[in-house]
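What follows is the content of coords20.csv (CSV, C-alpha atoms and all ligand atoms).
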```
chain,number,residue,atom,x,y,z
A,1,MET,CA,-3.4,4.4,36.9
A,2,ASN,CA,-4.7,6.6,34.2
A,3,GLU,CA,-5.1,4.6,31.0
A,4,LEU,CA,-5.9,6.0,27.7
A,5,ILE,CA,-7.5,4.2,24.7
A,6,PHE,CA,-6.7,5.6,21.3
A,7,ILE,CA,-7.2,4.7,17.7
A,8,HIS,CA,-4.5,5.6,15.2
A,9,CYS,CA,-5.5,5.6,11.5
A,10,GLY,CA,-4.3,7.5,8.4
A,11,ASP,CA,-3.7,7.4,4.6
A,12,ILE,CA,-7.3,6.8,3.9
A,13,HIS,CA,-7.1,8.9,0.7
A,14,LEU,CA,-10.8,9.5,0.4
A,15,ASP,CA,-11.8,10.4,-3.2
A,16,ALA,CA,-8.6,8.9,-4.6
A,17,ARG,CA,-8.7,8.3,-8.4
A,18,PHE,CA,-7.0,4.9,-8.5
A,19,THR,CA,-5.3,5.8,-11.7
A,20,ALA,CA,-2.1,3.8,-11.0
A,21,THR,CA,-4.0,0.5,-10.9
A,22,GLY,CA,-5.4,1.0,-14.4
A,23,MET,CA,-8.9,0.4,-13.1
A,24,THR,CA,-11.9,1.4,-15.1
A,25,ASP,CA,-13.9,4.5,-14.0
A,26,ARG,CA,-16.7,2.3,-12.8
A,27,LYS,CA,-14.5,0.2,-10.6
A,28,ALA,CA,-12.6,3.2,-9.3
A,29,LYS,CA,-15.9,4.7,-8.3
A,30,GLU,CA,-16.9,1.6,-6.5
A,31,ARG,CA,-13.5,1.6,-4.8
A,32,ARG,CA,-14.0,5.2,-3.7
A,33,GLN,CA,-17.3,4.1,-2.1
A,34,GLU,CA,-15.4,1.4,-0.3
A,35,LEU,CA,-13.0,4.0,1.1
A,36,ARG,CA,-16.0,5.7,2.7
A,37,ASP,CA,-17.1,2.3,4.0
A,38,VAL,CA,-13.8,1.7,5.7
A,39,PHE,CA,-13.9,5.1,7.3
A,40,ILE,CA,-17.3,4.2,8.7
A,41,ARG,CA,-15.8,0.9,10.0
A,42,ILE,CA,-13.0,2.9,11.7
A,43,ILE,CA,-15.5,5.1,13.5
A,44,ASP,CA,-17.4,2.0,14.5
A,45,GLU,CA,-14.2,0.7,16.0
A,46,VAL,CA,-13.7,3.9,17.9
A,47,ILE,CA,-17.1,3.4,19.4
A,48,LYS,CA,-16.6,-0.3,20.0
A,49,GLN,CA,-13.2,0.2,21.7
A,50,LYS,CA,-14.5,3.1,23.8
A,51,ALA,CA,-11.5,5.1,22.5
A,52,GLN,CA,-11.1,8.6,23.9
A,53,LEU,CA,-8.8,9.8,21.1
A,54,LEU,CA,-8.8,9.4,17.4
A,55,LEU,CA,-5.5,10.2,15.8
A,56,ILE,CA,-5.4,10.7,12.0
A,57,SER,CA,-1.9,10.9,10.6
A,58,GLY,CA,-2.6,12.7,7.3
A,59,ASP,CA,-3.8,11.9,3.8
A,60,LEU,CA,-7.3,11.6,5.1
A,61,PHE,CA,-8.6,12.8,1.7
A,62,GLU,CA,-7.0,13.9,-1.6
A,63,HIS,CA,-7.1,17.6,-1.7
A,64,GLU,CA,-7.0,17.7,-5.5
A,65,TYR,CA,-10.1,15.6,-6.0
A,66,VAL,CA,-12.1,15.7,-2.8
A,67,SER,CA,-15.7,16.8,-3.1
A,68,ARG,CA,-17.6,18.9,-0.6
A,69,ASN,CA,-20.0,16.0,-0.3
A,70,THR,CA,-17.1,13.8,1.0
A,71,ILE,CA,-16.1,16.5,3.5
A,72,GLU,CA,-19.6,16.6,4.8
A,73,PHE,CA,-19.5,12.8,5.0
A,74,ILE,CA,-16.3,12.9,7.1
A,75,ALA,CA,-17.8,15.6,9.4
A,76,SER,CA,-21.0,13.5,9.8
A,77,GLN,CA,-18.8,10.5,10.9
A,78,PHE,CA,-16.9,12.8,13.4
A,79,ASN,CA,-20.4,13.8,14.8
A,80,ARG,CA,-21.1,10.2,15.6
A,81,ILE,CA,-18.2,10.3,18.1
A,82,SER,CA,-18.8,13.8,19.5
A,83,ASN,CA,-17.4,12.7,22.9
A,84,VAL,CA,-14.1,11.6,21.3
A,85,LYS,CA,-11.2,14.1,20.6
A,86,VAL,CA,-10.2,13.9,17.0
A,87,PHE,CA,-6.8,15.1,15.9
A,88,ILE,CA,-5.7,15.5,12.3
A,89,SER,CA,-2.2,16.1,11.0
A,90,PRO,CA,-2.4,17.1,7.3
A,91,GLY,CA,-0.2,15.1,4.9
A,92,ASN,CA,1.2,15.7,1.4
A,93,HIS,CA,-2.1,14.7,-0.2
A,94,ASP,CA,-4.3,16.9,2.1
A,95,PRO,CA,-2.0,19.8,3.0
A,96,TYR,CA,-3.2,22.7,5.1
A,97,VAL,CA,-3.4,25.3,2.3
A,98,ALA,CA,-5.7,28.3,2.1
A,99,ASN,CA,-8.3,26.7,-0.1
A,100,SER,CA,-8.3,23.4,1.8
A,101,TYR,CA,-11.5,22.3,3.5
A,102,TYR,CA,-9.3,22.2,6.6
A,103,CYS,CA,-9.4,26.0,6.5
A,104,THR,CA,-12.7,26.7,4.9
A,105,PHE,CA,-15.1,24.1,6.4
A,106,GLN,CA,-16.8,24.4,9.7
A,107,TRP,CA,-15.6,21.2,11.4
A,108,PRO,CA,-17.3,19.7,14.5
A,109,VAL,CA,-16.0,21.1,17.8
A,110,ASN,CA,-14.4,17.7,18.8
A,111,VAL,CA,-12.0,18.0,15.8
A,112,HIS,CA,-8.6,19.7,16.0
A,113,ILE,CA,-6.5,20.2,12.8
A,114,PHE,CA,-2.8,20.8,13.1
A,115,THR,CA,-1.0,23.4,10.9
A,116,ASN,CA,2.7,23.7,9.9
A,117,VAL,CA,3.4,25.3,13.3
A,118,LEU,CA,4.0,22.6,15.9
A,119,GLU,CA,1.7,22.8,18.9
A,120,GLY,CA,0.8,20.7,21.8
A,121,ILE,CA,-2.8,20.4,23.0
A,122,TYR,CA,-3.3,19.5,26.6
A,123,LEU,CA,-6.5,17.6,27.4
A,124,GLN,CA,-7.0,18.0,31.1
A,125,GLU,CA,-9.7,15.3,31.5
A,126,LEU,CA,-7.3,12.7,30.0
A,127,ASP,CA,-4.1,14.2,31.3
A,128,VAL,CA,-2.5,13.9,27.9
A,129,VAL,CA,-0.8,16.3,25.5
A,130,VAL,CA,-1.1,15.6,21.8
A,131,TYR,CA,1.6,17.3,19.8
A,132,GLY,CA,1.2,17.7,16.1
A,133,VAL,CA,2.4,19.4,12.9
A,134,GLY,CA,1.3,19.0,9.3
A,135,PHE,CA,2.0,19.7,5.7
A,136,SER,CA,1.2,23.2,4.4
A,137,GLY,CA,2.1,22.3,0.8
A,138,LYS,CA,2.8,19.3,-1.4
A,139,TYR,CA,6.3,19.0,-0.2
A,140,GLN,CA,8.1,19.5,3.1
A,141,TYR,CA,11.9,19.2,2.9
A,142,GLU,CA,12.8,19.8,6.5
A,143,SER,CA,11.8,18.4,9.8
A,144,MET,CA,9.1,20.4,11.5
A,145,LEU,CA,9.9,18.9,14.9
A,146,GLY,CA,12.8,21.4,15.5
A,147,SER,CA,10.8,23.8,17.6
A,148,LEU,CA,10.0,21.0,20.1
A,149,LYS,CA,11.5,21.9,23.4
A,150,ASN,CA,11.6,19.8,26.6
A,151,ILE,CA,8.3,18.3,27.1
A,152,ASP,CA,6.7,17.8,30.5
A,153,THR,CA,6.9,14.1,31.3
A,154,ALA,CA,4.4,14.2,34.1
A,155,GLN,CA,1.6,13.4,31.7
A,156,ILE,CA,1.2,11.2,28.7
A,157,ASN,CA,2.7,12.7,25.5
A,158,ILE,CA,1.7,11.7,22.0
A,159,LEU,CA,3.1,12.9,18.7
A,160,LEU,CA,1.1,13.0,15.5
A,161,THR,CA,2.6,13.8,12.1
A,162,HIS,CA,3.0,12.8,8.5
A,163,GLY,CA,6.5,12.1,7.3
A,164,THR,CA,9.4,9.9,6.3
A,165,LEU,CA,11.3,8.3,9.1
A,166,ASP,CA,15.0,7.9,8.9
A,167,ASN,CA,15.3,8.6,5.1
A,168,ILE,CA,18.9,9.1,4.3
A,169,SER,CA,18.4,10.7,0.9
A,170,PRO,CA,19.5,14.3,1.1
A,171,LYS,CA,16.4,15.8,-0.6
A,172,CYS,CA,13.5,13.8,0.8
A,173,PRO,CA,10.4,15.9,0.0
A,174,TYR,CA,8.1,14.3,2.5
A,175,HIS,CA,9.0,15.7,5.9
A,176,PRO,CA,12.2,13.8,6.8
A,177,ILE,CA,12.2,13.0,10.5
A,178,MET,CA,14.6,10.9,12.6
A,179,ASN,CA,13.9,8.1,15.0
A,180,SER,CA,16.6,9.6,17.3
A,181,GLU,CA,14.9,13.0,17.0
A,182,ILE,CA,11.6,11.7,18.2
A,183,SER,CA,13.0,9.3,20.8
A,184,GLN,CA,14.9,11.9,22.7
A,185,TYR,CA,11.7,13.6,23.8
A,186,GLY,CA,10.3,10.4,25.4
A,187,PHE,CA,6.9,10.4,23.8
A,188,GLU,CA,4.7,7.5,25.0
A,189,TYR,CA,3.6,7.1,21.4
A,190,ALA,CA,4.4,8.7,18.0
A,191,ALA,CA,1.6,8.2,15.4
A,192,LEU,CA,3.0,8.5,11.9
A,193,GLY,CA,1.5,8.6,8.5
A,194,HIS,CA,2.8,8.4,4.9
A,195,ILE,CA,4.0,4.8,4.6
A,196,HIS,CA,1.0,2.7,3.6
A,197,LYS,CA,2.2,-0.5,5.2
A,198,MET,CA,1.8,-0.9,8.9
A,199,THR,CA,5.3,-0.5,10.3
A,200,GLU,CA,6.5,-0.5,13.9
A,201,CYS,CA,9.7,1.6,13.8
A,202,SER,CA,10.5,1.5,17.4
A,203,GLU,CA,8.9,-1.2,19.5
A,204,ASN,CA,5.4,0.1,20.4
A,205,ARG,CA,6.5,3.7,20.3
A,206,ILE,CA,6.9,5.0,16.8
A,207,VAL,CA,4.3,3.5,14.4
A,208,TYR,CA,3.0,3.9,10.9
A,209,CYS,CA,-0.5,2.6,10.9
A,210,GLY,CA,-0.7,2.2,7.1
A,211,SER,CA,-3.7,2.7,4.9
A,212,PRO,CA,-6.9,0.9,5.9
A,213,GLU,CA,-7.7,-0.2,2.3
A,214,PRO,CA,-4.9,-0.8,-0.2
A,215,LEU,CA,-4.7,1.8,-2.9
A,216,GLY,CA,-2.5,0.0,-5.4
A,217,PHE,CA,-0.6,-3.2,-6.3
A,218,ASP,CA,2.4,-1.9,-4.3
A,219,GLU,CA,0.3,-2.4,-1.2
A,220,PRO,CA,-0.1,-6.1,-0.8
A,221,GLY,CA,-1.3,-7.9,2.4
A,222,ASP,CA,-3.6,-6.9,5.2
A,223,HIS,CA,-4.4,-3.3,6.1
A,224,GLY,CA,-5.9,-1.7,9.1
A,225,ILE,CA,-5.6,0.6,12.1
A,226,ILE,CA,-3.9,0.7,15.5
A,227,VAL,CA,-5.8,0.3,18.7
A,228,GLY,CA,-3.6,1.5,21.6
A,229,LYS,CA,-3.9,1.4,25.3
A,230,VAL,CA,-1.3,3.7,26.9
A,231,SER,CA,-0.4,4.8,30.4
A,232,LYS,CA,2.7,6.4,31.9
A,233,THR,CA,4.2,3.0,32.5
A,234,ASP,CA,2.8,0.7,29.8
A,235,ILE,CA,1.6,0.6,26.2
A,236,VAL,CA,-0.3,-2.2,24.4
A,237,LEU,CA,-0.9,-2.0,20.7
A,238,GLN,CA,-3.2,-4.1,18.6
A,239,PHE,CA,-3.5,-4.1,14.8
A,240,ALA,CA,-7.1,-4.3,13.7
A,241,LYS,CA,-7.5,-5.4,10.1
A,242,MET,CA,-9.9,-3.2,8.2
A,243,ASN,CA,-9.5,-3.9,4.5
A,244,LYS,CA,-12.3,-5.4,2.5
A,245,ARG,CA,-10.1,-6.4,-0.4
A,246,GLU,CA,-6.5,-7.3,-1.0
A,247,CYS,CA,-4.2,-6.1,-3.8
A,248,ILE,CA,-2.6,-9.3,-5.1
A,249,THR,CA,0.2,-9.8,-7.6
A,250,GLN,CA,0.8,-13.3,-8.8
A,251,GLU,CA,3.2,-14.8,-11.3
A,252,ILE,CA,2.1,-17.6,-13.6
A,253,ASN,CA,4.9,-19.3,-15.5
A,254,ILE,CA,3.6,-20.6,-18.9
A,255,SER,CA,6.8,-22.2,-20.2
A,256,ASP,CA,5.2,-25.6,-20.1
A,257,LEU,CA,2.0,-24.6,-22.0
A,258,SER,CA,1.6,-24.6,-25.7
A,259,THR,CA,-1.8,-22.8,-26.3
A,260,ALA,CA,-3.5,-19.6,-25.2
A,261,ASP,CA,-6.5,-21.8,-24.1
A,262,GLU,CA,-4.2,-23.6,-21.6
A,263,VAL,CA,-3.0,-20.3,-20.3
A,264,GLU,CA,-6.5,-19.1,-19.8
A,265,MET,CA,-7.4,-22.3,-17.9
A,266,ARG,CA,-4.4,-21.8,-15.6
A,267,ILE,CA,-5.4,-18.2,-14.9
A,268,LYS,CA,-9.0,-19.3,-14.2
A,269,GLU,CA,-7.8,-21.9,-11.8
A,270,ARG,CA,-5.7,-19.3,-9.9
A,271,LEU,CA,-8.5,-16.8,-9.7
A,272,LYS,CA,-10.8,-19.2,-7.9
A,273,THR,CA,-9.6,-18.1,-4.5
A,274,LEU,CA,-9.2,-14.4,-5.4
A,275,THR,CA,-12.8,-13.5,-6.2
A,276,ASP,CA,-13.0,-10.4,-4.0
A,277,ASP,CA,-9.5,-9.1,-4.7
A,278,ILE,CA,-7.7,-6.7,-6.9
A,279,VAL,CA,-5.5,-9.0,-8.9
A,280,HIS,CA,-2.5,-8.6,-11.1
A,281,ILE,CA,-1.5,-11.7,-13.0
A,282,ARG,CA,2.0,-11.5,-14.5
A,283,LEU,CA,2.6,-14.2,-17.1
A,284,THR,CA,6.2,-15.2,-17.1
A,285,GLY,CA,8.5,-17.8,-18.7
A,286,ARG,CA,9.0,-18.8,-22.3
A,287,GLN,CA,6.2,-18.3,-24.7
A,288,ASN,CA,5.6,-21.0,-27.3
A,289,ARG,CA,6.2,-19.5,-30.8
A,290,GLU,CA,2.9,-20.8,-32.1
A,291,MET,CA,1.0,-19.4,-29.2
A,292,ASP,CA,-1.2,-16.4,-30.1
A,293,LEU,CA,-1.3,-14.8,-26.7
A,294,ASP,CA,-3.6,-11.8,-26.4
A,295,VAL,CA,-3.7,-10.5,-22.8
A,296,GLN,CA,-6.3,-7.9,-23.6
A,297,LEU,CA,-8.7,-10.5,-25.0
A,298,MET,CA,-8.0,-12.7,-22.1
A,299,THR,CA,-8.6,-9.9,-19.6
A,300,SER,CA,-12.0,-9.1,-21.1
A,301,ARG,CA,-12.9,-12.8,-21.0
A,302,LEU,CA,-12.0,-13.2,-17.3
A,303,TRP,CA,-12.7,-9.8,-15.8
A,304,ASP,CA,-15.7,-10.8,-13.8
A,305,ARG,CA,-13.9,-13.5,-11.9
A,306,CYS,CA,-12.5,-11.1,-9.3
A,307,PHE,CA,-13.1,-7.5,-8.3
A,308,TYR,CA,-10.5,-6.2,-10.7
A,309,LEU,CA,-8.2,-8.1,-13.0
A,310,LYS,CA,-5.1,-6.9,-14.8
A,311,ILE,CA,-3.0,-9.3,-16.8
A,312,THR,CA,0.4,-8.4,-18.1
A,313,ASP,CA,2.6,-10.4,-20.5
A,314,ASN,CA,6.1,-10.6,-19.1
A,315,THR,CA,7.1,-13.7,-21.1
A,316,TYR,CA,9.9,-13.9,-23.6
A,317,PRO,CA,9.6,-15.7,-26.9
A,318,ASP,CA,10.8,-19.2,-27.3
A,319,TYR,CA,14.0,-19.9,-29.3
A,320,HIS,CA,13.5,-20.2,-33.0
A,321,LEU,CA,15.6,-23.4,-33.3
A,322,GLU,CA,15.5,-23.6,-37.1
A,323,GLU,CA,16.9,-20.1,-37.4
A,324,LEU,CA,19.5,-20.7,-34.8
A,325,CYS,CA,20.8,-23.8,-36.6
A,326,LYS,CA,21.6,-21.6,-39.6
A,327,GLN,CA,23.9,-19.4,-37.6
A,328,TYR,CA,27.7,-19.7,-37.6
A,329,ASN,CA,28.3,-18.9,-34.0
A,330,LEU,CA,28.5,-20.7,-30.7
A,331,LYS,CA,24.7,-20.8,-30.3
A,332,GLY,CA,24.3,-22.2,-33.8
A,333,ILE,CA,26.9,-24.9,-33.4
A,334,PHE,CA,25.5,-25.8,-30.0
A,335,THR,CA,22.0,-26.0,-31.2
A,336,ARG,CA,22.9,-28.2,-34.3
A,337,LYS,CA,24.9,-30.6,-32.1
A,338,ILE,CA,22.2,-31.1,-29.6
A,339,LEU,CA,19.4,-31.5,-32.2
A,340,GLN,CA,21.5,-34.1,-33.9
A,341,GLU,CA,21.8,-36.0,-30.6
A,342,ILE,CA,18.1,-35.7,-30.1
A,343,GLU,CA,17.4,-37.2,-33.5
A,344,LYS,CA,19.8,-40.1,-33.0
A,345,ASN,CA,18.3,-40.9,-29.6
A,346,HIS,CA,15.3,-43.1,-29.3
A,347,ASP,CA,14.8,-43.0,-25.6
A,348,ALA,CA,12.0,-40.5,-24.8
A,349,GLN,CA,13.4,-39.6,-21.4
A,350,MET,CA,16.8,-39.0,-22.9
A,351,LYS,CA,15.3,-36.8,-25.6
A,352,GLU,CA,13.6,-34.7,-22.9
A,353,LYS,CA,16.9,-34.4,-21.0
A,354,LEU,CA,18.7,-33.2,-24.1
A,355,PHE,CA,15.9,-30.7,-24.8
A,356,ARG,CA,16.3,-29.3,-21.3
A,357,ALA,CA,20.1,-29.2,-21.8
A,358,LEU,CA,19.5,-27.3,-25.1
A,359,TYR,CA,17.4,-24.6,-23.4
A,360,LEU,CA,19.6,-24.3,-20.4
A,361,GLY,CA,22.6,-23.9,-22.7
A,362,LEU,CA,20.9,-21.4,-24.9
A,363,ASP,CA,19.8,-19.4,-21.8
A,364,ALA,CA,23.3,-19.4,-20.5
A,365,LEU,CA,24.7,-18.3,-23.9
A,366,SER,CA,22.1,-15.6,-24.2
A,367,ASN,CA,22.9,-14.1,-20.7
A,368,GLU,CA,26.6,-14.1,-21.4
A,401,MN,MN,-0.6,8.5,1.8
```
Can the structure from this file be put into structure tokens for me?
Amino acid sequence: MNELIFIHCGDIHLDARFTATGMTDRKAKERRQELRDVFIRIIDEVIKQKAQLLLISGDLFEHEYVSRNTIEFIASQFNRISNVKVFISPGNHDPYVANSYYCTFQWPVNVHIFTNVLEGIYLQELDVVVYGVGFSGKYQYESMLGSLKNIDTAQINILLTHGTLDNISPKCPYHPIMNSEISQYGFEYAALGHIHKMTECSENRIVYCGSPEPLGFDEPGDHGIIVGKVSKTDIVLQFAKMNKRECITQEINISDLSTADEVEMRIKERLKTLTDDIVHIRLTGRQNREMDLDVQLMTSRLWDRCFYLKITDNTYPDYHLEELCKQYNLKGIFTRKILQEIEKNHDAQMKEKLFRALYLGLDALSNE
């Protein structure tokens, strides 16, 4: 039985700016180097797995920012696998436009780049047809799979494209395609790009491989590529983790802390296991009125404890009880009553309970 080994990767975004993360230029530059590193590791995996096909489902690089040097780097990596057929379906970040390196660069002969006209390439030696279509601009409002006619089911058929699967919004600008539309043709595998999180949309058949390195805080968890073994009767997919770093967002509730030093200690403690990561700490809860919290200062004091650190203050100020006591409304009456009770009471545990009741009550009254 003819079995084919393929690697499916995409959304690598070589030369991305990383502006959304708020990263410094220095760190962004380092991160861009790491995107190159992950691309090398992907090619290593192609060699290691003895893959015969490399499918790249778009957003290989960022057209707006990519340098010729990076294009030459990509080509040199393709040259390492000259016996492997490489297919690229341009995405919204690397569309097939007139001034794209896809048009102007002399790519190695083992590389095929799809355009906005759907085509199927038959590889006789592998008895497989790779169908593909790509972006020719930033936006693509309609499915480009419409011209697909009956496909010959005698051989293995693979689809490669960049798009949004089953998006119900009427004006999806990123190539809206339907699961049902793809399924009817009976592809052995549909390799999709655009969603940066690995997603199996139809068991083993329609798959987003995700980005191999996360590009922002909206891309938590592991990232990688798909290693597939497919025949006319069977398909086995394996996710291969590729990312060097993780983008991690963590909340730290500071309601029980009274000084900025204590907050800093708590963040330090949390960062101990996140030294290689891109970390966003969200401070939440109630902030003591006496606390002089300066997240910028804190960030600059702790920046070297992980790859990149961002701290945001999402706390809300503590209640000003003295002020509240002076008010002639429900909150004022409630606060006065409970504070009187607290004063009368000598039991420490009871005092604490009353304080908790005070805050719960004020929260309830504030949220009306
Ligand atoms: Mn992308």
What's around Ser183 of chain A at 12 Å? Count only C-alpha atoms, leave out sequence neighbours fewer than 3 positions away in its own chain, and write the answer as a list in words.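 Non-adjacent residues within range: Leu145, Ile151, Asn157, Ile158, Leu159, Leu165, Ile177, Met178, Asn179, Ser180, Gly186, Phe187, Glu188, Tyr189, Ala190, Cys201, Ser202, Glu203, Asn204, Arg205 and Ile206 of chain A.
Distance annotation: of A:Ser100, A:Ser57, A:Ser169, A:Gln77, the residue with the minimal separation from ligand MN 401 (chain A) is A:Ser57; atom set is all atoms listed in the file.
Identified as lying at most 6 Å from ligand MN 401 (chain A) when counting all atoms listed in the file are the residues A:Asp11, A:Asp59, A:His194.
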Counting only C-alpha atoms, what is within 10 Å of Lys27 of chain A, bar same-chain residues fewer than 6 positions away, as an MDAnalysis selection string? chainID A and resid 18 33 307:308
Can you spit out the residues from that selection as a PDB file, in the coordinates of the input, using C-alpha atoms?
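Heads up, here's the output in part_39.pdb:
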```
ATOM      1  CA  PHE A  18      -7.000   4.900  -8.500  1.00  0.00           C
ATOM      2  CA  GLN A  33     -17.300   4.100  -2.100  1.00  0.00           C
ATOM      3  CA  PHE A 307     -13.100  -7.500  -8.300  1.00  0.00           C
ATOM      4  CA  TYR A 308     -10.500  -6.200 -10.700  1.00  0.00           C
TER       5      TYR A 308
END
```
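Every protein or nucleic acid residue with an atom no more than 10 Å from Ile40 of chain A, counting only C-alpha atoms and leaving out same-chain residues fewer than 4 positions away, appears here: A:Glu34, A:Leu35, A:Arg36, A:Asp44, A:Glu45, A:Val46, A:Phe73, A:Ile74, A:Gln77, A:Phe78, A:Arg80.
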Please determine the residues with any atom at most 12 Å from (22.0, -36.0, -30.6) (coordinates as given in the file, with all atoms listed in the file counting) and report them as a list in words.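 Here is the list of nearby residues: Phe334, Thr335, Arg336, Lys337, Ile338, Leu339, Gln340, Glu341, Ile342, Glu343, Lys344, Asn345, His346, Asp347, Met350, Lys351, Glu352, Lys353, Leu354, Phe355, Ala357 and Leu358 of chain A.
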Please write the residues from the selection above to a file, keeping C-alpha atoms, as a compact mmCIF listing (two decimals), keeping the file's coordinate frame.
```txt
# COMPACT_ATOMS: atom_id res chain seq x y z
CA PHE A 334 25.50 -25.80 -30.00
CA THR A 335 22.00 -26.00 -31.20
CA ARG A 336 22.90 -28.20 -34.30
CA LYS A 337 24.90 -30.60 -32.10
CA ILE A 338 22.20 -31.10 -29.60
CA LEU A 339 19.40 -31.50 -32.20
CA GLN A 340 21.50 -34.10 -33.90
CA GLU A 341 21.80 -36.00 -30.60
CA ILE A 342 18.10 -35.70 -30.10
CA GLU A 343 17.40 -37.20 -33.50
CA LYS A 344 19.80 -40.10 -33.00
CA ASN A 345 18.30 -40.90 -29.60
CA HIS A 346 15.30 -43.10 -29.30
CA ASP A 347 14.80 -43.00 -25.60
CA MET A 350 16.80 -39.00 -22.90
CA LYS A 351 15.30 -36.80 -25.60
CA GLU A 352 13.60 -34.70 -22.90
CA LYS A 353 16.90 -34.40 -21.00
CA LEU A 354 18.70 -33.20 -24.10
CA PHE A 355 15.90 -30.70 -24.80
CA ALA A 357 20.10 -29.20 -21.80
CA LEU A 358 19.50 -27.30 -25.10
```
What does the distance from atom CA of Glu181 of chain A to atom CA of Glu3 of chain A come to in Å, to one decimal? 25.8 Å
Dump as JSON, numbers by chain all residues having an atom at most 12 Å from (-14.3, 4.1, 18.1), computed in the file's coordinates with only C-alpha atoms. {"A": [5, 6, 7, 8, 9, 39, 40, 41, 42, 43, 44, 45, 46, 47, 48, 49, 50, 51, 52, 53, 54, 55, 77, 78, 79, 80, 81, 82, 83, 84, 85, 86, 225, 226, 227, 228, 240]}
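The spacing separating atom CA of Glu213 of chain A from atom CA of Val133 of chain A amounts to 24.5 Å.
Going from atom CA of His196 of chain A over to atom CA of Asn110 of chain A, you cover 26.3 Å.
The closest residue to Pro212 of chain A, picked from A:Asp25, A:Leu160, A:Gly285, A:Val38 and counting all atoms listed in the file, is A:Val38.
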Please write a file for segment 302-337 of chain A, taken from the block I just shared, that holds C-alpha atoms and is laid out as a PDB file, in the first residue's frame.
```
ATOM      1  CA  LEU A 302      12.010  42.251  37.363  1.00  0.00           C
ATOM      2  CA  TRP A 303      12.486  42.272  33.574  1.00  0.00           C
ATOM      3  CA  ASP A 304      15.451  39.886  33.536  1.00  0.00           C
ATOM      4  CA  ARG A 305      13.637  37.071  35.366  1.00  0.00           C
ATOM      5  CA  CYS A 306      11.977  35.770  32.198  1.00  0.00           C
ATOM      6  CA  PHE A 307      12.392  36.275  28.436  1.00  0.00           C
ATOM      7  CA  TYR A 308       9.929  39.129  28.370  1.00  0.00           C
ATOM      8  CA  LEU A 309       7.763  40.510  31.151  1.00  0.00           C
ATOM      9  CA  LYS A 310       4.693  42.658  30.966  1.00  0.00           C
ATOM     10  CA  ILE A 311       2.835  43.645  34.122  1.00  0.00           C
ATOM     11  CA  THR A 312      -0.549  45.306  34.030  1.00  0.00           C
ATOM     12  CA  ASP A 313      -2.497  46.761  36.912  1.00  0.00           C
ATOM     13  CA  ASN A 314      -6.065  45.494  36.720  1.00  0.00           C
ATOM     14  CA  THR A 315      -6.824  46.103  40.372  1.00  0.00           C
ATOM     15  CA  TYR A 316      -9.506  48.376  41.722  1.00  0.00           C
ATOM     16  CA  PRO A 317      -9.008  50.710  44.664  1.00  0.00           C
ATOM     17  CA  ASP A 318      -9.985  49.646  48.126  1.00  0.00           C
ATOM     18  CA  TYR A 319     -13.065  51.292  49.681  1.00  0.00           C
ATOM     19  CA  HIS A 320     -12.433  54.553  51.487  1.00  0.00           C
ATOM     20  CA  LEU A 321     -14.353  53.617  54.631  1.00  0.00           C
ATOM     21  CA  GLU A 322     -14.102  57.008  56.347  1.00  0.00           C
ATOM     22  CA  GLU A 323     -15.552  58.717  53.298  1.00  0.00           C
ATOM     23  CA  LEU A 324     -18.297  56.117  52.986  1.00  0.00           C
ATOM     24  CA  CYS A 325     -19.317  56.640  56.632  1.00  0.00           C
ATOM     25  CA  LYS A 326     -20.130  60.269  55.887  1.00  0.00           C
ATOM     26  CA  GLN A 327     -22.554  59.372  53.096  1.00  0.00           C
ATOM     27  CA  TYR A 328     -26.316  59.400  53.643  1.00  0.00           C
ATOM     28  CA  ASN A 329     -27.203  56.463  51.462  1.00  0.00           C
ATOM     29  CA  LEU A 330     -27.478  52.723  51.816  1.00  0.00           C
ATOM     30  CA  LYS A 331     -23.719  52.193  51.536  1.00  0.00           C
ATOM     31  CA  GLY A 332     -23.074  54.833  54.194  1.00  0.00           C
ATOM     32  CA  ILE A 333     -25.597  53.406  56.657  1.00  0.00           C
ATOM     33  CA  PHE A 334     -24.352  49.859  56.061  1.00  0.00           C
ATOM     34  CA  THR A 335     -20.698  50.836  56.550  1.00  0.00           C
ATOM     35  CA  ARG A 336     -21.422  52.767  59.789  1.00  0.00           C
ATOM     36  CA  LYS A 337     -23.459  49.891  61.252  1.00  0.00           C
TER      37      LYS A 337
END
```
